[in-house]
Structures are given as C-alpha cells and as structure tokens.
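Asker: Coordinates in target-v9.txt, compact mmCIF, C-alpha atoms, are listed below.
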# COMPACT_ATOMS: atom_id res chain seq x y z
CA MET J 1226 111.33 146.89 105.19
CA ALA J 1227 112.28 144.26 107.81
CA ASN J 1228 114.86 141.65 106.88
CA VAL J 1229 113.28 138.32 105.99
CA LYS J 1230 115.04 135.24 107.31
CA PRO J 1231 116.07 133.14 104.29
CA SER J 1232 114.33 129.77 104.01
CA ILE J 1233 113.26 127.14 101.51
CA PRO J 1234 109.86 125.44 101.09
CA LYS J 1235 109.15 122.51 103.40
CA GLY J 1236 109.97 119.19 101.79
CA THR J 1237 112.87 120.61 99.77
CA ARG J 1238 116.58 120.70 100.61
CA ASP J 1239 119.85 122.44 99.84
CA PHE J 1240 122.83 120.14 99.30
CA THR J 1241 126.34 120.93 100.52
CA PRO J 1242 129.41 119.84 98.49
CA THR J 1243 129.83 116.76 100.73
CA GLU J 1244 126.19 115.82 100.22
CA MET J 1245 126.49 116.36 96.47
CA VAL J 1246 129.55 114.09 96.28
CA ARG J 1247 127.50 111.38 98.01
CA ARG J 1248 124.46 111.96 95.79
CA ASN J 1249 126.62 111.78 92.68
CA TYR J 1250 128.03 108.50 93.96
CA ILE J 1251 124.47 107.12 94.14
CA LEU J 1252 123.44 108.45 90.72
CA ASN J 1253 126.66 107.38 89.00
CA THR J 1254 126.46 103.88 90.50
CA ILE J 1255 122.88 103.43 89.30
CA ARG J 1256 123.65 104.99 85.89
CA SER J 1257 126.57 102.61 85.27
CA ILE J 1258 124.32 99.58 85.91
CA PHE J 1259 121.54 100.95 83.69
CA GLU J 1260 123.99 101.50 80.83
CA LYS J 1261 125.48 98.02 81.24
CA TYR J 1262 122.03 96.63 80.39
CA ALA J 1263 121.76 98.80 77.24
CA TYR J 1264 119.34 101.44 78.54
CA LEU J 1265 119.63 104.83 76.79
CA PRO J 1266 119.28 108.23 78.52
CA ILE J 1267 116.52 110.75 77.87
CA GLU J 1268 115.28 113.90 79.64
CA THR J 1269 111.88 115.59 79.66
CA PRO J 1270 110.84 119.08 80.89
CA SER J 1271 110.19 119.72 84.59
CA ILE J 1272 106.92 121.37 83.55
CA GLU J 1273 104.23 119.42 81.72
CA ASN J 1274 100.81 120.45 80.48
CA LEU J 1275 98.19 119.60 83.11
CA SER J 1276 96.28 117.76 80.40
CA THR J 1277 99.25 115.36 80.26
CA LEU J 1278 99.39 114.80 84.03
CA MET J 1279 95.82 114.91 85.33
CA GLY J 1280 93.75 111.74 85.48
CA LYS J 1281 96.72 109.34 85.23
CA TYR J 1282 97.50 108.79 88.94
CA GLY J 1283 94.05 108.43 90.48
CA GLU J 1284 92.13 110.97 92.54
CA GLU J 1285 94.71 111.15 95.34
CA GLY J 1286 97.60 111.51 92.91
CA ASP J 1287 95.85 114.36 91.11
CA ARG J 1288 95.59 116.25 94.43
CA LEU J 1289 99.38 115.96 94.92
CA ILE J 1290 100.31 117.56 91.60
CA PHE J 1291 101.80 121.05 91.93
CA LYS J 1292 99.85 123.34 89.59
CA ILE J 1293 101.61 126.37 88.12
CA LEU J 1294 99.74 129.66 87.85
CA ASN J 1295 99.56 130.95 84.29
CA SER J 1296 102.17 133.62 83.68
CA GLY J 1297 101.31 137.31 84.10
CA ASP J 1298 98.49 138.87 86.11
CA PHE J 1299 96.11 136.25 84.82
CA LEU J 1300 93.49 136.57 87.56
CA ALA J 1301 92.88 140.22 86.71
CA ASN J 1302 91.04 139.13 83.55
CA VAL J 1303 89.13 136.17 84.99
CA ASP J 1304 85.61 136.36 86.42
CA LEU J 1305 85.87 134.03 89.43
CA GLY J 1306 82.17 134.13 90.28
CA ASN J 1307 81.16 131.33 92.64
CA LYS J 1308 83.44 128.67 91.17
CA THR J 1309 85.02 125.92 93.23
CA ALA J 1310 88.79 125.37 93.43
CA GLN J 1311 88.49 122.43 91.01
CA GLN J 1312 86.60 124.56 88.53
CA LEU J 1313 89.08 127.41 88.87
CA THR J 1314 92.19 125.29 88.31
CA PRO J 1315 91.87 124.93 84.52
CA LEU J 1316 91.13 128.65 84.27
CA ILE J 1317 94.28 129.79 86.08
CA CYS J 1318 96.62 126.80 85.60
CA GLU J 1319 97.54 125.05 82.38
CA LYS J 1320 100.81 123.48 83.53
CA GLY J 1321 102.14 121.51 86.48
CA LEU J 1322 105.39 120.14 87.85
CA ARG J 1323 105.79 116.49 86.87
CA TYR J 1324 104.54 113.98 89.47
CA ASP J 1325 106.69 111.13 88.19
CA LEU J 1326 108.79 110.24 85.13
CA THR J 1327 106.52 107.51 83.70
CA VAL J 1328 103.59 109.59 82.40
CA PRO J 1329 105.95 112.16 80.77
CA PHE J 1330 107.79 109.16 79.28
CA ALA J 1331 104.54 107.88 77.75
CA ARG J 1332 103.91 111.35 76.30
CA PHE J 1333 107.52 111.37 74.99
CA ILE J 1334 107.02 107.99 73.29
CA VAL J 1335 103.90 109.15 71.46
CA GLN J 1336 105.52 112.43 70.33
CA HIS J 1337 108.75 110.79 69.18
CA GLN J 1338 107.45 107.38 68.03
CA ASN J 1339 108.76 107.82 64.47
CA GLU J 1340 112.30 108.56 65.74
CA LEU J 1341 112.61 105.58 68.10
CA ILE J 1342 113.49 101.91 67.59
CA PHE J 1343 111.19 99.51 69.44
CA PRO J 1344 111.43 97.81 71.86
CA PHE J 1345 112.83 101.02 73.33
CA LYS J 1346 114.87 100.89 76.55
CA ARG J 1347 115.39 104.19 78.34
CA TYR J 1348 116.69 105.49 81.64
CA GLN J 1349 115.91 108.87 83.12
CA MET J 1350 117.31 110.49 86.27
CA GLN J 1351 115.56 113.77 87.12
CA PRO J 1352 113.63 115.45 89.95
CA VAL J 1353 109.86 115.12 90.45
CA TRP J 1354 107.49 117.05 92.72
CA ARG J 1355 104.58 116.04 94.93
CA ALA J 1356 102.45 118.28 97.14
CA ASP J 1357 102.63 115.72 99.95
CA ARG J 1358 103.08 116.18 103.70
CA PRO J 1359 106.87 116.14 104.33
CA GLN J 1360 108.14 113.48 106.74
CA LYS J 1361 111.05 111.09 107.13
CA GLY J 1362 111.92 109.65 103.73
CA ARG J 1363 109.18 111.67 102.01
CA TYR J 1364 109.97 114.96 100.26
CA ARG J 1365 108.12 117.36 97.99
CA GLU J 1366 111.04 117.52 95.59
CA PHE J 1367 113.07 114.38 95.01
CA TYR J 1368 115.06 112.54 92.36
CA GLN J 1369 113.81 109.42 90.65
CA CYS J 1370 116.02 107.05 88.66
CA ASP J 1371 113.77 105.27 86.16
CA ILE J 1372 114.25 102.51 83.62
CA ASP J 1373 111.56 101.29 81.23
CA VAL J 1374 111.19 98.94 78.29
CA ILE J 1375 108.32 99.84 75.98
CA GLY J 1376 107.08 97.99 72.92
CA SER J 1377 107.44 94.44 74.25
CA ASN J 1378 105.09 92.09 76.12
CA SER J 1379 107.80 89.61 77.16
CA MET J 1380 108.11 88.75 80.84
CA LEU J 1381 111.87 88.64 80.23
CA ASN J 1382 111.73 92.40 80.72
CA GLU J 1383 110.29 92.07 84.23
CA ALA J 1384 112.98 89.54 85.11
CA GLU J 1385 115.70 91.86 83.79
CA LEU J 1386 114.39 94.71 85.94
CA ILE J 1387 114.54 92.44 88.99
CA LYS J 1388 118.11 91.45 88.09
CA ILE J 1389 119.10 95.12 87.72
CA THR J 1390 117.47 95.88 91.07
CA ASP J 1391 119.50 93.09 92.66
CA GLU J 1392 122.71 94.59 91.23
CA VAL J 1393 121.85 98.14 92.29
CA PHE J 1394 121.26 97.32 95.95
CA ASN J 1395 124.16 94.87 96.10
CA ALA J 1396 126.39 97.69 94.82
CA PHE J 1397 125.27 99.76 97.84
CA LYS J 1398 125.65 96.72 100.16
CA LEU J 1399 122.04 97.11 101.34
CA ASP J 1400 119.97 94.21 102.66
CA THR J 1401 116.73 94.34 100.66
CA VAL J 1402 113.76 92.21 99.64
CA ILE J 1403 111.91 92.49 96.32
CA LYS J 1404 108.14 92.14 96.76
CA VAL J 1405 106.15 91.15 93.65
CA ASN J 1406 102.50 90.82 92.70
CA ASN J 1407 100.27 91.27 89.64
CA ARG J 1408 97.39 93.70 89.16
CA LYS J 1409 95.40 90.89 87.50
CA ILE J 1410 95.62 88.96 90.77
CA LEU J 1411 94.19 91.96 92.59
CA SER J 1412 91.41 92.13 89.98
CA GLY J 1413 90.82 88.41 90.61
CA ILE J 1414 90.55 89.08 94.34
CA ALA J 1415 88.03 91.88 93.67
CA GLU J 1416 86.04 89.42 91.54
CA ILE J 1417 85.86 86.60 94.08
CA ILE J 1418 84.85 88.93 96.91
CA SER J 1419 82.01 90.15 94.64
CA GLU J 1420 83.39 93.69 94.27
CA PRO J 1421 84.81 93.79 90.70
CA ASP J 1422 83.85 97.45 90.25
CA LYS J 1423 85.80 98.43 93.38
CA ILE J 1424 89.25 97.39 92.12
CA THR J 1425 90.58 100.98 92.17
CA THR J 1426 89.22 101.52 95.69
CA ILE J 1427 90.75 98.23 96.88
CA CYS J 1428 94.17 98.97 95.36
CA THR J 1429 94.23 102.53 96.72
CA ALA J 1430 93.39 101.32 100.25
CA ILE J 1431 95.73 98.29 100.28
CA ASP J 1432 98.57 100.50 99.01
CA LYS J 1433 98.38 102.40 102.32
CA LEU J 1434 98.93 99.30 104.45
CA ASP J 1435 102.40 100.42 105.59
CA LYS J 1436 101.15 103.92 106.41
CA ILE J 1437 97.82 103.35 108.17
CA GLY J 1438 98.00 99.67 109.16
CA ARG J 1439 95.54 96.85 108.64
CA GLU J 1440 92.71 98.43 110.67
CA GLY J 1441 93.08 101.68 108.76
CA VAL J 1442 92.85 99.84 105.43
CA LEU J 1443 89.76 97.93 106.51
CA ASN J 1444 88.07 101.12 107.73
CA GLU J 1445 88.85 102.87 104.45
CA LEU J 1446 87.39 99.96 102.47
CA LYS J 1447 84.24 100.07 104.61
CA ASP J 1448 83.97 103.86 104.23
CA ASN J 1449 84.18 103.39 100.45
CA GLY J 1450 81.25 101.00 100.29
CA LEU J 1451 82.65 97.49 100.72
CA THR J 1452 80.31 95.26 102.70
CA ASP J 1453 81.34 93.31 105.81
CA SER J 1454 80.86 90.12 103.79
CA SER J 1455 83.31 91.29 101.10
CA ILE J 1456 85.85 92.41 103.68
CA ASN J 1457 85.64 89.04 105.44
CA LYS J 1458 86.35 87.29 102.12
CA LEU J 1459 89.41 89.52 101.75
CA MET J 1460 90.94 88.42 105.06
CA PRO J 1461 92.56 85.15 103.84
CA PHE J 1462 94.70 87.17 101.42
CA PHE J 1463 95.97 89.33 104.28
CA ASP J 1464 96.69 86.34 106.49
CA PHE J 1465 98.18 83.70 104.16
CA SER J 1466 101.93 83.12 104.40
CA GLY J 1467 104.28 80.58 102.82
CA THR J 1468 106.73 80.10 99.99
CA ASN J 1469 106.11 81.59 96.54
CA GLU J 1470 104.99 78.20 95.26
CA GLN J 1471 102.58 77.74 98.19
CA LYS J 1472 101.15 81.20 97.54
CA LEU J 1473 100.63 80.41 93.86
CA ASP J 1474 98.94 77.10 94.76
CA PHE J 1475 96.69 78.98 97.20
CA LEU J 1476 95.71 81.41 94.44
CA GLU J 1477 95.01 78.54 92.02
CA LYS J 1478 92.39 77.20 94.43
CA MET J 1479 90.89 80.65 95.09
CA PHE J 1480 90.67 81.64 91.40
CA ILE J 1481 88.83 78.64 89.97
CA ASN J 1482 86.10 80.98 88.70
CA SER J 1483 88.26 84.04 87.94
CA GLU J 1484 89.80 84.10 84.46
CA ILE J 1485 91.68 87.35 85.04
CA GLY J 1486 93.04 86.05 88.35
CA ARG J 1487 94.35 82.88 86.66
CA LYS J 1488 95.98 85.04 83.97
CA GLY J 1489 97.78 86.92 86.74
CA ILE J 1490 99.02 83.62 88.20
CA ASP J 1491 100.35 82.53 84.78
CA GLU J 1492 102.21 85.82 84.38
CA LEU J 1493 103.73 85.56 87.86
CA ARG J 1494 104.87 81.99 87.22
CA SER J 1495 106.43 82.99 83.89
CA MET J 1496 108.25 85.94 85.45
CA LEU J 1497 109.56 83.88 88.37
CA SER J 1498 110.80 81.14 86.03
CA TYR J 1499 112.99 83.74 84.30
CA VAL J 1500 114.10 85.10 87.67
CA ASP J 1501 115.12 81.59 88.76
CA ALA J 1502 117.32 81.31 85.66
CA LEU J 1503 119.24 84.44 86.69
CA THR J 1504 121.79 84.71 89.51
CA ILE J 1505 119.86 86.84 91.99
CA SER J 1506 120.92 87.04 95.62
CA THR J 1507 118.10 89.35 96.78
CA PRO J 1508 114.97 87.48 98.02
CA VAL J 1509 112.01 87.80 95.61
CA GLU J 1510 108.70 87.27 97.47
CA ILE J 1511 105.09 87.26 96.31
CA GLU J 1512 103.05 89.71 98.41
CA PHE J 1513 99.25 89.58 97.96
CA THR J 1514 98.81 93.00 99.59
CA LEU J 1515 101.24 94.74 97.24
CA ALA J 1516 99.02 97.03 95.16
CA ARG J 1517 100.97 100.08 93.88
CA GLY J 1518 98.33 102.82 94.09
CA LEU J 1519 98.88 104.38 90.65
CA ASN J 1520 96.07 103.71 88.20
CA TYR J 1521 98.12 102.91 85.12
CA TYR J 1522 99.53 99.51 86.23
CA THR J 1523 97.91 96.50 84.53
CA GLY J 1524 100.25 93.51 85.11
CA ALA J 1525 103.30 92.68 87.20
CA ILE J 1526 104.08 95.10 90.04
CA PHE J 1527 107.06 95.21 92.37
CA GLU J 1528 108.50 97.13 95.31
CA VAL J 1529 111.82 97.01 97.14
CA LYS J 1530 112.04 97.28 100.92
CA CYS J 1531 115.26 97.75 102.90
CA LYS J 1532 115.51 95.52 105.98
CA GLN J 1533 118.06 97.72 107.78
CA VAL J 1534 115.95 100.87 108.17
CA ALA J 1535 112.25 101.42 108.89
CA MET J 1536 111.18 103.33 105.78
CA GLY J 1537 108.80 102.97 102.86
CA SER J 1538 109.78 101.34 99.60
CA VAL J 1539 113.10 102.40 98.03
CA ALA J 1540 112.06 101.31 94.53
CA GLY J 1541 108.87 100.30 92.78
CA GLY J 1542 107.27 99.80 89.42
CA GLY J 1543 105.31 97.51 87.16
CA ARG J 1544 103.77 96.85 83.76
CA TYR J 1545 101.39 99.28 82.05
CA ASP J 1546 99.58 98.08 78.91
CA ASP J 1547 97.53 101.12 78.00
CA LEU J 1548 99.35 104.26 79.14
CA THR J 1549 100.35 105.56 75.70
CA SER J 1550 96.80 105.09 74.37
CA ILE J 1551 95.81 108.08 76.53
CA PHE J 1552 97.93 110.12 74.13
CA GLY J 1553 96.69 108.33 71.00
CA LEU J 1554 99.09 105.38 70.59
CA LYS J 1555 97.45 102.00 71.18
CA ASN J 1556 99.00 98.52 71.67
CA MET J 1557 102.26 99.75 73.22
CA SER J 1558 102.88 97.80 76.42
CA GLY J 1559 105.68 98.85 78.73
CA VAL J 1560 107.23 97.93 82.05
CA GLY J 1561 109.55 99.91 84.32
CA ILE J 1562 110.89 100.51 87.79
CA SER J 1563 111.87 103.67 89.65
CA TYR J 1564 114.57 103.99 92.32
CA GLY J 1565 114.27 106.75 94.92
CA ALA J 1566 117.66 108.47 95.17
CA GLU J 1567 116.67 110.40 98.30
CA ARG J 1568 115.62 107.30 100.23
CA ILE J 1569 118.76 105.44 99.18
CA TYR J 1570 120.78 108.45 100.41
CA ASP J 1571 118.97 108.53 103.77
CA ILE J 1572 119.42 104.78 104.28
CA LEU J 1573 123.13 104.86 103.41
CA LEU J 1574 123.60 107.80 105.77
CA GLU J 1575 121.78 106.05 108.62
CA CYS J 1576 123.71 102.80 108.03
CA ASP J 1577 127.06 104.59 107.61
CA GLY J 1578 127.17 102.99 104.16
CA PHE J 1579 128.93 105.68 102.13
CA PRO J 1580 132.55 104.87 101.15
CA THR J 1581 135.00 106.87 103.27
CA SER J 1582 136.76 107.98 100.07
CA LEU J 1583 133.73 110.16 99.25
CA THR J 1584 134.63 112.83 101.80
CA THR J 1585 136.21 115.08 99.14
CA PRO J 1586 137.15 114.82 95.48
CA ILE J 1587 140.08 117.21 96.07
CA LYS J 1588 143.34 115.30 96.48
CA VAL J 1589 145.95 118.08 96.79
CA LEU J 1590 146.23 121.65 98.06
CA PHE J 1591 149.23 123.78 97.03
CA ILE J 1592 150.27 126.24 99.73
CA ASN J 1593 150.62 129.85 98.59
CA PHE J 1594 153.95 131.45 99.70
CA GLY J 1595 153.81 134.55 97.47
CA LYS J 1596 153.92 135.75 93.86
CA LYS J 1597 157.12 133.98 92.77
CA GLU J 1598 156.08 130.74 94.47
CA GLU J 1599 152.58 130.99 92.97
CA LEU J 1600 153.97 130.94 89.44
CA TYR J 1601 156.18 127.94 90.27
CA ALA J 1602 153.25 126.10 91.86
CA LEU J 1603 150.86 126.92 89.01
CA GLN J 1604 152.95 124.93 86.54
CA ALA J 1605 152.74 121.85 88.78
CA VAL J 1606 149.02 122.42 89.37
CA GLN J 1607 148.41 122.32 85.63
CA GLN J 1608 150.48 119.17 85.19
CA LEU J 1609 148.54 117.38 87.97
CA ARG J 1610 145.24 118.46 86.45
CA ASN J 1611 146.36 117.22 83.04
CA ALA J 1612 146.95 113.87 84.75
CA ASN J 1613 143.34 113.99 86.11
CA ILE J 1614 144.47 114.66 89.70
CA THR J 1615 142.02 117.06 91.37
CA CYS J 1616 143.96 119.86 93.05
CA GLU J 1617 143.89 123.55 93.87
CA LEU J 1618 146.27 126.38 94.74
CA TYR J 1619 145.24 128.46 97.75
CA PRO J 1620 144.44 131.85 96.15
CA ASP J 1621 145.86 134.17 98.85
CA ASN J 1622 149.27 134.52 100.51
CA VAL J 1623 148.09 134.18 104.12
CA LYS J 1624 149.51 132.43 107.18
CA ILE J 1625 150.41 128.79 106.55
CA GLY J 1626 148.33 127.72 109.56
CA LYS J 1627 145.21 129.15 107.98
CA GLN J 1628 145.93 127.34 104.71
CA LEU J 1629 146.54 124.05 106.52
CA ASN J 1630 143.28 124.47 108.44
CA TYR J 1631 141.56 125.01 105.10
CA ALA J 1632 142.96 121.66 103.89
CA ASN J 1633 141.88 119.90 107.10
CA ASN J 1634 138.38 121.37 107.01
CA LYS J 1635 137.93 120.18 103.42
CA ALA J 1636 139.49 116.78 104.25
CA ILE J 1637 142.15 117.26 101.56
CA PRO J 1638 144.60 114.37 102.13
CA PHE J 1639 147.79 115.96 100.73
CA VAL J 1640 149.41 119.39 100.87
CA ILE J 1641 152.28 120.49 98.60
CA MET J 1642 154.67 123.24 99.67
CA ALA J 1643 157.11 124.99 97.37
CA GLY J 1644 159.13 127.82 98.87
CA GLU J 1645 162.48 129.37 97.96
CA ASN J 1646 164.49 126.19 98.75
CA GLU J 1647 162.20 123.92 96.71
CA ILE J 1648 162.38 126.29 93.74
CA LYS J 1649 166.20 126.21 93.87
CA GLU J 1650 166.19 122.39 93.97
CA ASN J 1651 163.39 122.15 91.36
CA CYS J 1652 161.25 119.98 93.68
CA PHE J 1653 158.27 120.09 96.05
CA THR J 1654 157.59 119.11 99.66
CA LEU J 1655 154.67 116.67 99.89
CA LYS J 1656 152.85 116.40 103.23
CA ASN J 1657 150.40 113.64 104.15
CA MET J 1658 147.77 115.40 106.26
CA GLN J 1659 146.71 112.23 108.06
CA THR J 1660 150.15 110.95 109.11
CA GLY J 1661 152.05 114.24 109.11
CA GLU J 1662 154.81 112.62 107.02
CA GLN J 1663 156.74 115.01 104.74
CA LYS J 1664 159.15 114.29 101.89
CA LYS J 1665 160.70 116.09 98.94
CA VAL J 1666 159.64 114.91 95.48
CA THR J 1667 160.18 115.95 91.88
CA ILE J 1668 157.24 116.68 89.59
CA THR J 1669 157.79 113.28 87.93
CA GLN J 1670 157.65 111.52 91.30
CA LEU J 1671 154.61 113.56 92.21
CA LEU J 1672 152.76 112.42 89.09
CA GLU J 1673 153.67 108.79 89.83
CA TYR J 1674 152.74 109.03 93.54
CA LYS J 1675 149.39 107.53 94.55
CA LEU J 1676 147.60 110.68 95.57
Any chance you could put this one into structure tokens?
Answerer:
Amino acid sequence: MANVKPSIPKGTRDFTPTEMVRRNYILNTIRSIFEKYAYLPIETPSIENLSTLMGKYGEEGDRLIFKILNSGDFLANVDLGNKTAQQLTPLICEKGLRYDLTVPFARFIVQHQNELIFPFKRYQMQPVWRADRPQKGRYREFYQCDIDVIGSNSMLNEAELIKITDEVFNAFKLDTVIKVNNRKILSGIAEIISEPDKITTICTAIDKLDKIGREGVLNELKDNGLTDSSINKLMPFFDFSGTNEQKLDFLEKMFINSEIGRKGIDELRSMLSYVDALTISTPVEIEFTLARGLNYYTGAIFEVKCKQVAMGSVAGGGRYDDLTSIFGLKNMSGVGISYGAERIYDILLECDGFPTSLTTPIKVLFINFGKKEELYALQAVQQLRNANITCELYPDNVKIGKQLNYANNKAIPFVIMAGENEIKENCFTLKNMQTGEQKKVTITQLLEYKL
C-alpha cells in the first residue's frame, strides 16, 4: 500500500506551541473581562442532535451544518430508493457538529432551567464548525467566545455587551467600530417598501453586502421576487449617512405608518442612552444595512469591524426573544455577542500586535553536564518550579553547543550552568541569552532574580 501524505481537512489548522501561546493569550484576555462582569462559564457537547440545530439558522445556515453519519454500517440496512439528499439526511444522520454556541445554549437553558438563577449570565469558549468555503478569515473549524444574558428584557444588557466589547478590543489595542441596528427597524423597512413577508429574504441578502457588494445584493433581492418599485424604495436606506441622531430622525420620518419600525427606533434610543452613560472609547454607529443573517434575532443587533485589516466582522450578536420557545420554554428573552478568536488572531498577527513576551513561556534551561550535575540541577529546578518559574533541564548529556542552540531555538531567555566548580561553591552560573552576560548566583539569589 502506497504511503499517504499526511494532511488535514481544508478550513482546519494545526497549532504549534508558539501559536497556542498566542491563542491562549487571546482567550485568557477575553475570559478575564467576561468574569469581571460576572459571567459564569458553561460548556456544551461538540455534537448536537440535528433536531436541535436544523431550522434555527435559515436555509443557508442549515446547508452549512456538518451532519454526522449514524454509527456503524447504517446504510447497509436502509433502502435508499429514489430519495433526494434532503430526504436521506434524517435517515442516515441524527447528529451534527454545532454551528454556533447560541442555539446549544438555548437548548441548555431549557434542559437546566430548574437549576439556574435568572437572569442568567454565561460565557462559553469552544469550537464550532461550518461547512463553508475556506478563505482568508473564514475557517470550517473555529473558536467562538460567547457571552449571553437570558431572562431579562432590559436594554442595560445590550449596553453592557457594548461596554465589554469596547474593553476587549482596547485590551488588544485594535482600532474598531461597533455597528448597531435593530431587527424591528429592518421589519419596518420591509413594511414601508410593501414587502413585509420578505423580511427574511431582505435580511439574508443585506447580510451579504460585504461579500457580494451592493449590486450583488440588489440582484439577489430581484431574483427572490422583490419588484423594481420595492427595490427603489429601499435605496434611501443604503444611501443615507449622518450622525446617529440624524439617522434616528430620518427613521422617524420614514416610519410614520410602521408601528414595528417605531418600536425599533425606541429600543435603539434606549440602548444608546445607556451607552452614552458609560465610558466607551470605541465609536458606536447605527448602520441601516446591518442585518445579521441568522433567523433567531428579533431586536438589537451589532457587529464589530476592525479598521486596520480588510476582513469581515470580528464580533457580532443581538437579542433573541423566542429562541428557547423552540424547545418548549416561552417568554425567555436573551441577548448575546460572540467574538471570533481566529479572526482576532489573524488581525493581531497581521498588525504585529502580539506582546513580544509571548514568544515562550519557558524562562530557564538548565544545561546537562552529566549524572552528578543532573542531580544537583534537579534540586534547583524543583525550587524554581515551586516558585512558579517555568524551567526545564535538558534531558541528555550532549555537547553544550547543541543545548544552547536548543535554548535559542525555543527563545528561552536564560540558561543556568552547574558543573564541578559550581557544585563545590554551592552556586550556579546564570547566562542571559540575549546579552551574553554571565554571573554566579546562589539559589536564593536565583529565586529573587527577575527571570
């Protein structure tokens, strides 16, 4: 049998130790901010029942869910006949990899409702999978960092999410803008252009504005049955620019006969009044064409764009009033936002934004001179580790040059040498690998030294 060249599926990645150190920096930074705002961690399975996932993300989202073949030689006992792929799926697949963390969270809430205290604030940092076409900033397997508040209708929650978003991207020193809108405003727009039944079509098309451009959106709307008259009425919403207050005033005039549109305006005003009361340095801008393609959003929606790199949104979310009712629990409104760890990583890498101290967590390498020296060094290794100093002893007695190259290749900043003379004097020789400076130190001095 011919050797098969090892590979991984397109849209997935291996991570080297250096990459993992950087990823952990991102996740730990975000986690610390989540916890400061009293969000509690949960986890859910990577695999969910397809009945949980399907029908929650819209037709396009359903196509991007990875379905898992039932275990065993299942097809051997199934009469395929002349069935279509859609008809076959429920016969051969009962489970799928989760598409996002929000729908599993809604399922979690319903299953554990008697164990939770509401309003419930949770954060979740786990991978999700989408059968999408891989490209820059878009992967088939990627980490999401989610926070949600469920069991409260207050717009204070939206404002808190915006404040947290401001802190997260300031922590990474990224220049971002937070775009906001409200699904009720989009419903109002659908009403005044005489296409109230096409709200899902309109949101799905507008959500692709960054990907396919304005002409592409207009063509998709036309292909899905919107008349030229309706599309012409839509144009002012694409073209209007101004301050948030000017945009709200514009909507007030447009929505004289749209109750749901006016409700969206009221919610936006309320949210922005809370935002104004907080110290937020990131610009918060109303964007009429912000749609968020997922079906479950019902109120405020938001996305975060980075100004330094041409890429899609690095975070997004919104309010969902009816998601848990799909699983049998009514009147449980929630709001949340998700941060894309992969896109944040790619942006920081492109902008050279990772701290230089992240090159390696290993601070010290002990050189191995032989059996007797190993035992002497091991005692010091243990004392440094007890003091939470990350270090290692080279495991083999090989040429010193090879061991020093090992330290250089791993960017270990300090090397400690202890040969026959050091053992006699009960000390160690400490070498700074950047400056080349060497000096003898005792174990006490070593523990006090800023390694």
Asker: Set the distance at 10 Å and use only C-alpha atoms: which residues neighbour stretch 1418-1429 of chain J once local chain neighbours fewer than 6 positions away are removed? I'd like the list as JSON, numbers by chain.
Answerer: {"J": [1283, 1284, 1285, 1408, 1411, 1412, 1442, 1443, 1445, 1446, 1449, 1450, 1451, 1452, 1454, 1455, 1456, 1457, 1458, 1459, 1514, 1515, 1516, 1517, 1518, 1519, 1520]}
Asker: Work out how far atom CA of J:Thr1254 is from atom CA of J:Val1500, in Å to one decimal.
Answerer: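 Straight-line distance from atom CA of J:Val1500 to atom CA of J:Thr1254 works out to 22.7 Å.
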Asker: Determine, counting only C-alpha atoms, which protein, DNA and RNA residues have an atom within 12 Å of an atom of J:Leu1497; residues of the same chain fewer than 6 positions away are not included. Present the result as a VMD selection string.
Answerer: chain J and resid 1380 to 1385 1387 to 1388 1403 to 1407 1469 to 1470 1473 1490 to 1491 1503 1505 1508 to 1511 1525
Asker: By how many Å are atom CA of J:Gln1533 and atom CA of J:Leu1434 apart?
Answerer: 19.5 Å
Asker: For each of J:Phe1397, J:Tyr1521, J:Phe1527, J:Phe1579, take the minimum atom-to-atom distance to J:Leu1548, counting only C-alpha atoms, then give the residue where this is smallest.
Answerer: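 Among the listed residues, the smallest separation from J:Leu1548 belongs to J:Tyr1521.
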Asker: What does the distance between atom CA of J:Asp1371 and atom CA of J:Asp1435 come to in Å, to one decimal place?
Answerer: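 Atom CA of J:Asp1435 lies 23.0 Å from atom CA of J:Asp1371.
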Asker: Which residue is closest to J:Pro1359? Choose from J:Gly1236, J:Glu1260, J:Glu1567, J:Tyr1545 and count only C-alpha atoms.
Answerer: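 Closest to J:Pro1359, using only C-alpha atoms: J:Gly1236.
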Asker: May I have the protein, DNA and RNA residues with any atom at most 12 Å from the point (149.8, 119.7, 101.5), counting all atoms listed in the file, written as number ranges by chain?
Answerer: J: 1587-1593, 1616-1619, 1625-1626, 1628-1633, 1636-1643, 1653-1665, 1676
Asker: In terms of the shortest atom-to-atom distance over all atoms listed in the file, which of J:Lys1649, J:Lys1436, J:Arg1358, J:Arg1487 is closest to J:Glu1416?
Answerer: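 Checking each of J:Lys1649, J:Lys1436, J:Arg1358, J:Arg1487 against J:Glu1416, counting all atoms listed in the file, the winner is J:Arg1487.
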Asker: Considering only C-alpha atoms, can you say which of J:Ile1255, J:Leu1476, J:Ile1375, J:Ile1342 comes closest to J:Phe1513?
Answerer: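 For J:Phe1513, the nearest of the given residues is J:Leu1476.
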Asker: Return the single residue from J:Pro1242, J:Met1460, J:Leu1671, J:Leu1275 that is closest to J:Gln1608, with distances computed using only C-alpha atoms.
Answerer: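 Between J:Pro1242, J:Met1460, J:Leu1671, J:Leu1275, the residue approaching J:Gln1608 most closely is J:Leu1671.
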Asker: Find the residue from J:Arg1363, J:Lys1624, J:Lys1478, J:Arg1347 that sits nearest to J:Tyr1262; use only C-alpha atoms when measuring.
Answerer: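 With only C-alpha atoms as the atom set, the closest residue is J:Arg1347.
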Asker: Within 7 Å of (100.3, 120.4, 98.3), only C-alpha atoms: residues as a list in words?
Answerer: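 Final list of nearby residues, as requested, is Leu1289, Phe1291, Arg1355, Ala1356 and Asp1357 of chain J.
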Asker: I'd like the neighbourhood of J:Cys1652 as a ChimeraX atom specification, where a residue qualifies if any of its atoms comes within 7 Å (using only C-alpha atoms), though same-chain residues fewer than 5 positions away should be ignored.
Answerer: /J:1647,1665-1668
